[in-house]
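Below is the file query-v6.txt, which contains compact mmCIF, N, CA and C atoms.
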# COMPACT_ATOMS: atom_id res chain seq x y z
N MET K 1 -154.66 155.49 254.99
CA MET K 1 -153.50 155.11 255.72
C MET K 1 -153.07 153.70 255.38
N SER K 2 -154.06 152.85 255.23
CA SER K 2 -153.79 151.47 254.90
C SER K 2 -153.14 151.37 253.51
N PHE K 3 -153.54 152.25 252.62
CA PHE K 3 -153.01 152.25 251.27
C PHE K 3 -151.52 152.59 251.26
N THR K 4 -151.08 153.58 252.01
CA THR K 4 -149.67 153.97 252.04
C THR K 4 -148.82 152.94 252.76
N ARG K 5 -149.43 152.28 253.76
CA ARG K 5 -148.68 151.26 254.48
C ARG K 5 -148.39 150.07 253.57
N SER K 6 -149.36 149.62 252.80
CA SER K 6 -149.15 148.48 251.91
C SER K 6 -148.23 148.86 250.76
N ARG K 7 -148.34 150.13 250.34
CA ARG K 7 -147.45 150.60 249.27
C ARG K 7 -146.01 150.61 249.75
N CYS K 8 -145.79 151.05 250.96
CA CYS K 8 -144.45 151.10 251.55
C CYS K 8 -143.92 149.67 251.74
N ALA K 9 -144.78 148.76 252.19
CA ALA K 9 -144.36 147.37 252.38
C ALA K 9 -143.98 146.74 251.05
N ARG K 10 -144.75 147.03 250.01
CA ARG K 10 -144.43 146.49 248.68
C ARG K 10 -143.11 147.05 248.16
N ALA K 11 -142.87 148.33 248.37
CA ALA K 11 -141.62 148.94 247.92
C ALA K 11 -140.43 148.35 248.66
N LEU K 12 -140.61 148.14 249.97
CA LEU K 12 -139.54 147.54 250.76
C LEU K 12 -139.27 146.10 250.32
N ALA K 13 -140.32 145.34 250.04
CA ALA K 13 -140.17 143.97 249.58
C ALA K 13 -139.50 143.93 248.21
N ALA K 14 -139.88 144.84 247.34
CA ALA K 14 -139.29 144.88 246.00
C ALA K 14 -137.80 145.23 246.08
N GLY K 15 -137.46 146.16 246.95
CA GLY K 15 -136.07 146.55 247.13
C GLY K 15 -135.23 145.41 247.69
N THR K 16 -135.77 144.70 248.68
CA THR K 16 -135.07 143.57 249.28
C THR K 16 -134.86 142.46 248.25
N LEU K 17 -135.91 142.19 247.47
CA LEU K 17 -135.81 141.17 246.43
C LEU K 17 -134.78 141.56 245.36
N SER K 18 -134.73 142.82 245.01
CA SER K 18 -133.75 143.30 244.02
C SER K 18 -132.32 143.13 244.53
N VAL K 19 -132.09 143.48 245.78
CA VAL K 19 -130.76 143.34 246.36
C VAL K 19 -130.36 141.87 246.41
N ALA K 20 -131.29 140.99 246.77
CA ALA K 20 -131.00 139.56 246.84
C ALA K 20 -130.66 139.01 245.46
N LEU K 21 -131.41 139.41 244.45
CA LEU K 21 -131.14 138.93 243.09
C LEU K 21 -129.81 139.44 242.56
N LEU K 22 -129.52 140.70 242.82
CA LEU K 22 -128.24 141.27 242.38
C LEU K 22 -127.07 140.58 243.08
N SER K 23 -127.21 140.31 244.37
CA SER K 23 -126.14 139.64 245.11
C SER K 23 -125.90 138.24 244.57
N ALA K 24 -126.95 137.52 244.30
CA ALA K 24 -126.81 136.16 243.77
C ALA K 24 -126.17 136.19 242.38
N GLY K 25 -126.57 137.14 241.55
CA GLY K 25 -125.99 137.26 240.20
C GLY K 25 -124.53 137.62 240.25
N THR K 26 -124.15 138.50 241.16
CA THR K 26 -122.75 138.90 241.30
C THR K 26 -121.91 137.73 241.80
N ALA K 27 -122.43 136.99 242.77
CA ALA K 27 -121.69 135.84 243.29
C ALA K 27 -121.50 134.78 242.21
N ALA K 28 -122.53 134.55 241.41
CA ALA K 28 -122.41 133.56 240.33
C ALA K 28 -121.41 134.02 239.28
N ALA K 29 -121.42 135.31 238.95
CA ALA K 29 -120.47 135.83 237.97
C ALA K 29 -119.05 135.74 238.49
N PHE K 30 -118.85 136.03 239.77
CA PHE K 30 -117.53 135.95 240.37
C PHE K 30 -117.03 134.51 240.39
N ALA K 31 -117.89 133.58 240.73
CA ALA K 31 -117.51 132.17 240.77
C ALA K 31 -117.21 131.65 239.37
N ALA K 32 -117.88 132.16 238.35
CA ALA K 32 -117.66 131.70 236.99
C ALA K 32 -116.30 132.15 236.47
N ASN K 33 -115.75 133.24 236.98
CA ASN K 33 -114.46 133.74 236.52
C ASN K 33 -113.29 133.00 237.13
N GLU K 34 -113.47 132.34 238.26
CA GLU K 34 -112.38 131.61 238.89
C GLU K 34 -112.27 130.21 238.33
N LYS K 35 -111.03 129.75 238.16
CA LYS K 35 -110.80 128.38 237.69
C LYS K 35 -110.83 127.44 238.88
N PRO K 36 -111.47 126.31 238.76
CA PRO K 36 -111.42 125.35 239.85
C PRO K 36 -110.02 124.74 239.96
N SER K 37 -109.64 124.39 241.14
CA SER K 37 -108.32 123.82 241.34
C SER K 37 -108.45 122.45 241.97
N PRO K 38 -107.96 121.41 241.42
CA PRO K 38 -107.41 121.26 240.08
C PRO K 38 -108.51 121.23 239.04
N SER K 39 -108.18 121.67 237.85
CA SER K 39 -109.20 121.74 236.81
C SER K 39 -109.44 120.35 236.23
N PRO K 40 -110.69 119.96 236.10
CA PRO K 40 -111.00 118.63 235.57
C PRO K 40 -110.74 118.56 234.07
N THR K 41 -110.38 117.38 233.60
CA THR K 41 -110.19 117.18 232.17
C THR K 41 -111.24 116.19 231.68
N THR K 42 -111.69 116.41 230.47
CA THR K 42 -112.71 115.52 229.92
C THR K 42 -112.12 114.54 228.92
N HIS K 43 -110.96 114.86 228.36
CA HIS K 43 -110.33 113.95 227.40
C HIS K 43 -108.83 114.18 227.41
N MET K 44 -108.10 113.20 226.91
CA MET K 44 -106.64 113.30 226.84
C MET K 44 -106.25 113.90 225.51
N THR K 45 -105.32 114.82 225.53
CA THR K 45 -104.77 115.37 224.29
C THR K 45 -103.28 115.13 224.30
N GLY K 46 -102.77 114.40 223.34
CA GLY K 46 -101.34 114.11 223.27
C GLY K 46 -100.93 113.10 224.32
N LYS K 47 -99.60 113.04 224.53
CA LYS K 47 -99.06 112.10 225.51
C LYS K 47 -99.18 112.70 226.91
N PRO K 48 -99.47 111.86 227.91
CA PRO K 48 -99.47 112.39 229.28
C PRO K 48 -98.04 112.68 229.72
N LYS K 49 -97.89 113.71 230.53
CA LYS K 49 -96.56 114.06 231.01
C LYS K 49 -96.18 113.13 232.15
N PRO K 50 -95.01 112.49 232.04
CA PRO K 50 -94.59 111.58 233.12
C PRO K 50 -94.13 112.37 234.33
N THR K 51 -94.21 111.76 235.48
CA THR K 51 -93.73 112.38 236.70
C THR K 51 -92.50 111.63 237.19
N ALA K 52 -91.64 112.32 237.91
CA ALA K 52 -90.40 111.72 238.38
C ALA K 52 -90.67 110.59 239.37
N SER K 53 -91.50 110.84 240.33
CA SER K 53 -91.85 109.82 241.30
C SER K 53 -92.91 110.37 242.21
N PRO K 54 -93.60 109.51 242.92
CA PRO K 54 -94.57 110.03 243.86
C PRO K 54 -93.92 110.76 245.03
N MET K 55 -92.63 110.50 245.27
CA MET K 55 -91.94 111.14 246.38
C MET K 55 -91.47 112.55 246.02
N GLY K 56 -91.45 112.90 244.76
CA GLY K 56 -90.98 114.22 244.37
C GLY K 56 -89.93 114.13 243.29
N LYS K 57 -89.16 115.17 243.16
CA LYS K 57 -88.15 115.27 242.12
C LYS K 57 -87.01 114.27 242.37
N ALA K 58 -86.51 113.67 241.29
CA ALA K 58 -85.41 112.71 241.38
C ALA K 58 -84.11 113.45 241.67
N SER K 59 -83.21 112.79 242.43
CA SER K 59 -81.92 113.40 242.73
C SER K 59 -80.85 112.31 242.86
N ILE K 60 -79.61 112.73 242.68
CA ILE K 60 -78.46 111.82 242.76
C ILE K 60 -77.37 112.52 243.56
N THR K 61 -76.70 111.77 244.45
CA THR K 61 -75.52 112.29 245.14
C THR K 61 -74.29 111.63 244.54
N LEU K 62 -73.10 112.21 244.75
CA LEU K 62 -71.87 111.67 244.20
C LEU K 62 -70.71 111.94 245.13
N THR K 63 -69.95 110.89 245.45
CA THR K 63 -68.72 111.03 246.24
C THR K 63 -67.63 110.20 245.59
N THR K 64 -66.38 110.57 245.85
CA THR K 64 -65.24 109.80 245.35
C THR K 64 -64.40 109.34 246.53
N ASN K 65 -63.64 108.26 246.33
CA ASN K 65 -62.77 107.79 247.40
C ASN K 65 -61.49 108.61 247.47
N LYS K 66 -61.09 109.26 246.36
CA LYS K 66 -59.87 110.06 246.32
C LYS K 66 -60.11 111.29 245.45
N LYS K 67 -59.52 112.41 245.86
CA LYS K 67 -59.60 113.65 245.08
C LYS K 67 -58.41 113.79 244.14
N SER K 68 -57.36 112.99 244.39
CA SER K 68 -56.16 113.05 243.58
C SER K 68 -55.59 111.64 243.44
N VAL K 69 -55.28 111.23 242.21
CA VAL K 69 -54.73 109.90 241.95
C VAL K 69 -53.60 110.01 240.93
N THR K 70 -52.83 108.94 240.79
CA THR K 70 -51.80 108.90 239.76
C THR K 70 -52.39 108.24 238.51
N ALA K 71 -51.78 108.48 237.36
CA ALA K 71 -52.28 107.92 236.11
C ALA K 71 -52.32 106.40 236.18
N GLY K 72 -53.39 105.80 235.71
CA GLY K 72 -53.56 104.36 235.72
C GLY K 72 -54.26 103.84 236.96
N GLU K 73 -54.40 104.68 237.97
CA GLU K 73 -55.07 104.29 239.20
C GLU K 73 -56.58 104.55 239.06
N SER K 74 -57.38 103.64 239.61
CA SER K 74 -58.85 103.77 239.51
C SER K 74 -59.39 104.71 240.58
N VAL K 75 -60.43 105.41 240.20
CA VAL K 75 -61.16 106.26 241.13
C VAL K 75 -62.52 105.60 241.36
N LYS K 76 -62.89 105.40 242.61
CA LYS K 76 -64.19 104.80 242.92
C LYS K 76 -65.20 105.92 243.16
N LEU K 77 -66.32 105.81 242.47
CA LEU K 77 -67.40 106.78 242.58
C LEU K 77 -68.62 106.07 243.13
N ALA K 78 -69.31 106.70 244.05
CA ALA K 78 -70.51 106.09 244.64
C ALA K 78 -71.47 107.18 245.06
N GLY K 79 -72.70 106.77 245.34
CA GLY K 79 -73.69 107.73 245.79
C GLY K 79 -75.04 107.08 246.00
N ARG K 80 -76.01 107.92 246.27
CA ARG K 80 -77.38 107.47 246.49
C ARG K 80 -78.31 108.23 245.55
N THR K 81 -79.45 107.60 245.29
CA THR K 81 -80.44 108.22 244.44
C THR K 81 -81.75 108.36 245.21
N LYS K 82 -82.58 109.26 244.77
CA LYS K 82 -83.90 109.43 245.35
C LYS K 82 -84.87 109.66 244.19
N GLY K 83 -85.96 108.92 244.19
CA GLY K 83 -86.96 109.12 243.16
C GLY K 83 -86.68 108.38 241.86
N LEU K 84 -85.67 107.51 241.83
CA LEU K 84 -85.37 106.71 240.64
C LEU K 84 -85.71 105.26 240.92
N LYS K 85 -86.20 104.56 239.91
CA LYS K 85 -86.54 103.15 240.08
C LYS K 85 -85.28 102.30 240.17
N ILE K 86 -85.41 101.17 240.87
CA ILE K 86 -84.31 100.21 240.95
C ILE K 86 -84.02 99.72 239.54
N GLY K 87 -82.75 99.65 239.17
CA GLY K 87 -82.36 99.22 237.84
C GLY K 87 -82.22 100.36 236.83
N SER K 88 -82.54 101.59 237.23
CA SER K 88 -82.39 102.73 236.32
C SER K 88 -80.91 102.91 235.97
N PRO K 89 -80.60 103.12 234.69
CA PRO K 89 -79.19 103.29 234.30
C PRO K 89 -78.65 104.66 234.69
N LEU K 90 -77.38 104.67 235.10
CA LEU K 90 -76.68 105.90 235.45
C LEU K 90 -75.42 105.99 234.59
N VAL K 91 -75.09 107.19 234.16
CA VAL K 91 -73.96 107.41 233.26
C VAL K 91 -73.00 108.41 233.89
N LEU K 92 -71.70 108.12 233.82
CA LEU K 92 -70.67 109.05 234.29
C LEU K 92 -70.32 109.99 233.15
N GLN K 93 -70.25 111.28 233.46
CA GLN K 93 -69.88 112.29 232.46
C GLN K 93 -68.76 113.15 233.01
N HIS K 94 -67.96 113.72 232.09
CA HIS K 94 -66.97 114.71 232.50
C HIS K 94 -67.06 115.91 231.58
N GLU K 95 -66.67 117.06 232.12
CA GLU K 95 -66.77 118.30 231.37
C GLU K 95 -65.51 118.49 230.54
N MET K 96 -65.70 118.69 229.24
CA MET K 96 -64.57 118.89 228.34
C MET K 96 -64.90 120.05 227.40
N ASN K 97 -64.13 121.11 227.47
CA ASN K 97 -64.32 122.30 226.64
C ASN K 97 -65.73 122.87 226.79
N GLY K 98 -66.23 122.88 228.01
CA GLY K 98 -67.55 123.46 228.28
C GLY K 98 -68.73 122.56 227.96
N LYS K 99 -68.47 121.34 227.51
CA LYS K 99 -69.54 120.41 227.18
C LYS K 99 -69.38 119.13 228.01
N TRP K 100 -70.51 118.52 228.35
CA TRP K 100 -70.49 117.27 229.10
C TRP K 100 -70.45 116.10 228.13
N THR K 101 -69.44 115.23 228.31
CA THR K 101 -69.31 114.05 227.45
C THR K 101 -69.41 112.79 228.30
N LYS K 102 -69.92 111.74 227.69
CA LYS K 102 -70.14 110.47 228.38
C LYS K 102 -68.83 109.71 228.49
N LEU K 103 -68.60 109.13 229.66
CA LEU K 103 -67.46 108.25 229.87
C LEU K 103 -67.95 106.80 229.90
N THR K 104 -67.03 105.86 229.75
CA THR K 104 -67.38 104.44 229.66
C THR K 104 -68.07 103.89 230.90
N PRO K 105 -67.63 104.19 232.13
CA PRO K 105 -68.27 103.55 233.28
C PRO K 105 -69.76 103.91 233.40
N THR K 106 -70.56 102.89 233.64
CA THR K 106 -71.98 103.08 233.90
C THR K 106 -72.35 102.26 235.13
N ALA K 107 -73.51 102.52 235.67
CA ALA K 107 -74.00 101.77 236.82
C ALA K 107 -75.52 101.76 236.77
N VAL K 108 -76.12 101.00 237.66
CA VAL K 108 -77.58 100.99 237.80
C VAL K 108 -77.93 101.20 239.27
N VAL K 109 -79.13 101.69 239.51
CA VAL K 109 -79.60 101.91 240.87
C VAL K 109 -79.88 100.55 241.51
N LYS K 110 -79.29 100.32 242.69
CA LYS K 110 -79.47 99.06 243.42
C LYS K 110 -80.69 99.14 244.34
N LYS K 111 -80.98 98.01 245.01
CA LYS K 111 -82.16 97.91 245.88
C LYS K 111 -82.19 98.96 246.98
N ASN K 112 -81.06 99.33 247.51
CA ASN K 112 -81.02 100.31 248.59
C ASN K 112 -80.85 101.75 248.07
N ASN K 113 -81.20 101.98 246.81
CA ASN K 113 -81.10 103.29 246.15
C ASN K 113 -79.68 103.81 246.09
N SER K 114 -78.70 102.90 246.03
CA SER K 114 -77.31 103.32 245.92
C SER K 114 -76.73 102.84 244.59
N TYR K 115 -75.54 103.32 244.27
CA TYR K 115 -74.84 102.88 243.07
C TYR K 115 -73.34 103.01 243.34
N ALA K 116 -72.53 102.32 242.54
CA ALA K 116 -71.08 102.42 242.64
C ALA K 116 -70.48 102.10 241.27
N MET K 117 -69.38 102.76 240.97
CA MET K 117 -68.64 102.50 239.72
C MET K 117 -67.21 102.95 239.93
N SER K 118 -66.32 102.48 239.07
CA SER K 118 -64.93 102.94 239.14
C SER K 118 -64.49 103.33 237.74
N ALA K 119 -63.53 104.26 237.69
CA ALA K 119 -63.07 104.76 236.40
C ALA K 119 -61.58 105.01 236.44
N LYS K 120 -60.90 104.75 235.32
CA LYS K 120 -59.50 105.11 235.14
C LYS K 120 -59.51 106.32 234.22
N LEU K 121 -58.97 107.41 234.70
CA LEU K 121 -59.01 108.68 233.98
C LEU K 121 -57.63 109.05 233.46
N PRO K 122 -57.55 109.73 232.31
CA PRO K 122 -56.26 110.20 231.81
C PRO K 122 -55.75 111.37 232.65
N LYS K 123 -54.47 111.73 232.44
CA LYS K 123 -53.86 112.83 233.19
C LYS K 123 -54.65 114.12 232.97
N GLY K 124 -54.71 114.90 234.03
CA GLY K 124 -55.42 116.17 233.97
C GLY K 124 -56.39 116.32 235.13
N THR K 125 -57.10 117.42 235.13
CA THR K 125 -58.11 117.68 236.15
C THR K 125 -59.47 117.40 235.53
N HIS K 126 -60.25 116.58 236.18
CA HIS K 126 -61.55 116.15 235.64
C HIS K 126 -62.69 116.59 236.56
N VAL K 127 -63.67 117.25 235.96
CA VAL K 127 -64.90 117.60 236.67
C VAL K 127 -65.92 116.54 236.26
N LEU K 128 -66.40 115.77 237.24
CA LEU K 128 -67.26 114.62 236.96
C LEU K 128 -68.66 114.82 237.55
N ARG K 129 -69.64 114.16 236.92
CA ARG K 129 -71.00 114.10 237.44
C ARG K 129 -71.64 112.80 236.98
N VAL K 130 -72.74 112.41 237.64
CA VAL K 130 -73.50 111.23 237.26
C VAL K 130 -74.88 111.69 236.83
N VAL K 131 -75.37 111.11 235.72
CA VAL K 131 -76.65 111.52 235.13
C VAL K 131 -77.54 110.31 234.95
N SER K 132 -78.81 110.49 235.19
CA SER K 132 -79.81 109.47 234.90
C SER K 132 -80.81 110.08 233.94
N ALA K 133 -80.87 109.54 232.75
CA ALA K 133 -81.86 110.00 231.77
C ALA K 133 -82.88 108.90 231.61
N ASN K 134 -84.04 109.08 232.20
CA ASN K 134 -85.09 108.08 232.08
C ASN K 134 -86.37 108.73 231.59
N LYS K 135 -87.44 107.96 231.48
CA LYS K 135 -88.70 108.48 230.98
C LYS K 135 -89.27 109.58 231.86
N ALA K 136 -88.92 109.56 233.14
CA ALA K 136 -89.45 110.54 234.08
C ALA K 136 -88.71 111.86 234.01
N GLY K 137 -87.59 111.92 233.32
CA GLY K 137 -86.82 113.15 233.25
C GLY K 137 -85.35 112.88 233.50
N LYS K 138 -84.61 113.95 233.67
CA LYS K 138 -83.17 113.86 233.82
C LYS K 138 -82.79 114.29 235.23
N ALA K 139 -82.05 113.43 235.92
CA ALA K 139 -81.52 113.77 237.24
C ALA K 139 -80.02 113.88 237.12
N VAL K 140 -79.43 114.91 237.71
CA VAL K 140 -78.00 115.17 237.61
C VAL K 140 -77.42 115.35 239.00
N SER K 141 -76.28 114.71 239.26
CA SER K 141 -75.62 114.84 240.56
C SER K 141 -74.82 116.15 240.60
N PRO K 142 -74.45 116.57 241.80
CA PRO K 142 -73.48 117.67 241.90
C PRO K 142 -72.14 117.19 241.34
N THR K 143 -71.27 118.11 241.00
CA THR K 143 -69.98 117.73 240.40
C THR K 143 -68.93 117.49 241.48
N VAL K 144 -67.94 116.66 241.13
CA VAL K 144 -66.75 116.45 241.94
C VAL K 144 -65.54 116.62 241.03
N THR K 145 -64.44 117.06 241.60
CA THR K 145 -63.21 117.28 240.83
C THR K 145 -62.17 116.27 241.27
N VAL K 146 -61.56 115.60 240.29
CA VAL K 146 -60.50 114.62 240.53
C VAL K 146 -59.28 115.03 239.71
N LYS K 147 -58.13 115.10 240.36
CA LYS K 147 -56.89 115.46 239.69
C LYS K 147 -56.08 114.20 239.46
N VAL K 148 -55.69 113.95 238.20
CA VAL K 148 -54.88 112.79 237.84
C VAL K 148 -53.51 113.29 237.41
N SER K 149 -52.47 112.81 238.10
CA SER K 149 -51.10 113.26 237.75
C SER K 149 -50.25 112.11 237.26
Written form, structure tokens:
Amino acid sequence: MSFTRSRCARALAAGTLSVALLSAGTAAAFAANEKPSPSPTTHMTGKPKPTASPMGKASITLTTNKKSVTAGESVKLAGRTKGLKIGSPLVLQHEMNGKWTKLTPTAVVKKNNSYAMSAKLPKGTHVLRVVSANKAGKAVSPTVTVKVS
């Protein structure tokens, strides 16, 4: 009787040990297939990718003082920026034949994240936007339409 009892205890112990080893092996294999987040890097390859800002993606707003002007009259454009450094250059563009072209007026981001510029536009309807192309990427304002008669 003692012989069968110890044999049964050994079989039970062997089975428990087998299940424990299989479970540990499965857990290790499962963990090995998942990528850690964020994945660590050991060396740099190429140039590091710049980021727009610690606050998030850069943005620009655009408003005009008038939606319609006469030829020779100036249009004042102003707005605010987010995520751009003070002194970042801003360029006024208008859409011509489906392409955006640069206009002469430019501005820079001021201390309060604002900018202002004025432009004299030729006769016609002009779709305008303000663009900042810096090392962190390109920020583009929404468009405004100004009619010059």
Taking into account only C-alpha atoms, which residue in the set K:Val148, K:Ile60, K:Leu128, K:Ala139 is nearest to Lys102 in chain K?
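For Lys102 in chain K, the nearest of the given residues is K:Leu128.
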In the coordinate frame of the file, compute which residues have an atom within 8 Å of (-53.2, 107.8, 240.1) when using only N, CA and C atoms, and state them as a VMD selection string.
chain K and resid 68 to 75 121 147 to 149
From the list K:Arg80, K:Ala11, K:Ser6, K:Ala58, which residue is nearest Ser114 in chain K when using only C-alpha atoms?
K:Arg80
Coordinates-based distance that separates atom N of Pro105 in chain K from atom N of Thr143 in chain K (Å, one decimal)
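Pair atom N of Thr143 in chain K / atom N of Pro105 in chain K returns 16.9 Å.
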Applying 6 Å and only N, CA and C atoms, which residues near Met117 in chain K remain after dropping the ones on its own chain fewer than 4 positions away? List them as a list in words.
Val75, Lys76, Leu77, Ala78 and Thr106 of chain K
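Atom C of Ala119 in chain K to atom N of Asn97 in chain K spans 18.6 Å [interatomic distance, one decimal].
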Please identify all polymer residues within 6 Å of Lys110 in chain K, counting all atoms listed in the file, omitting same-chain residues fewer than 5 positions from it, and present them as a PyMOL selection string.
chain K and resi 86-87+115
Measure the distance from atom N of Thr145 in chain K to CA of His126 in chain K in Å and round it to one decimal.
6.7 Å
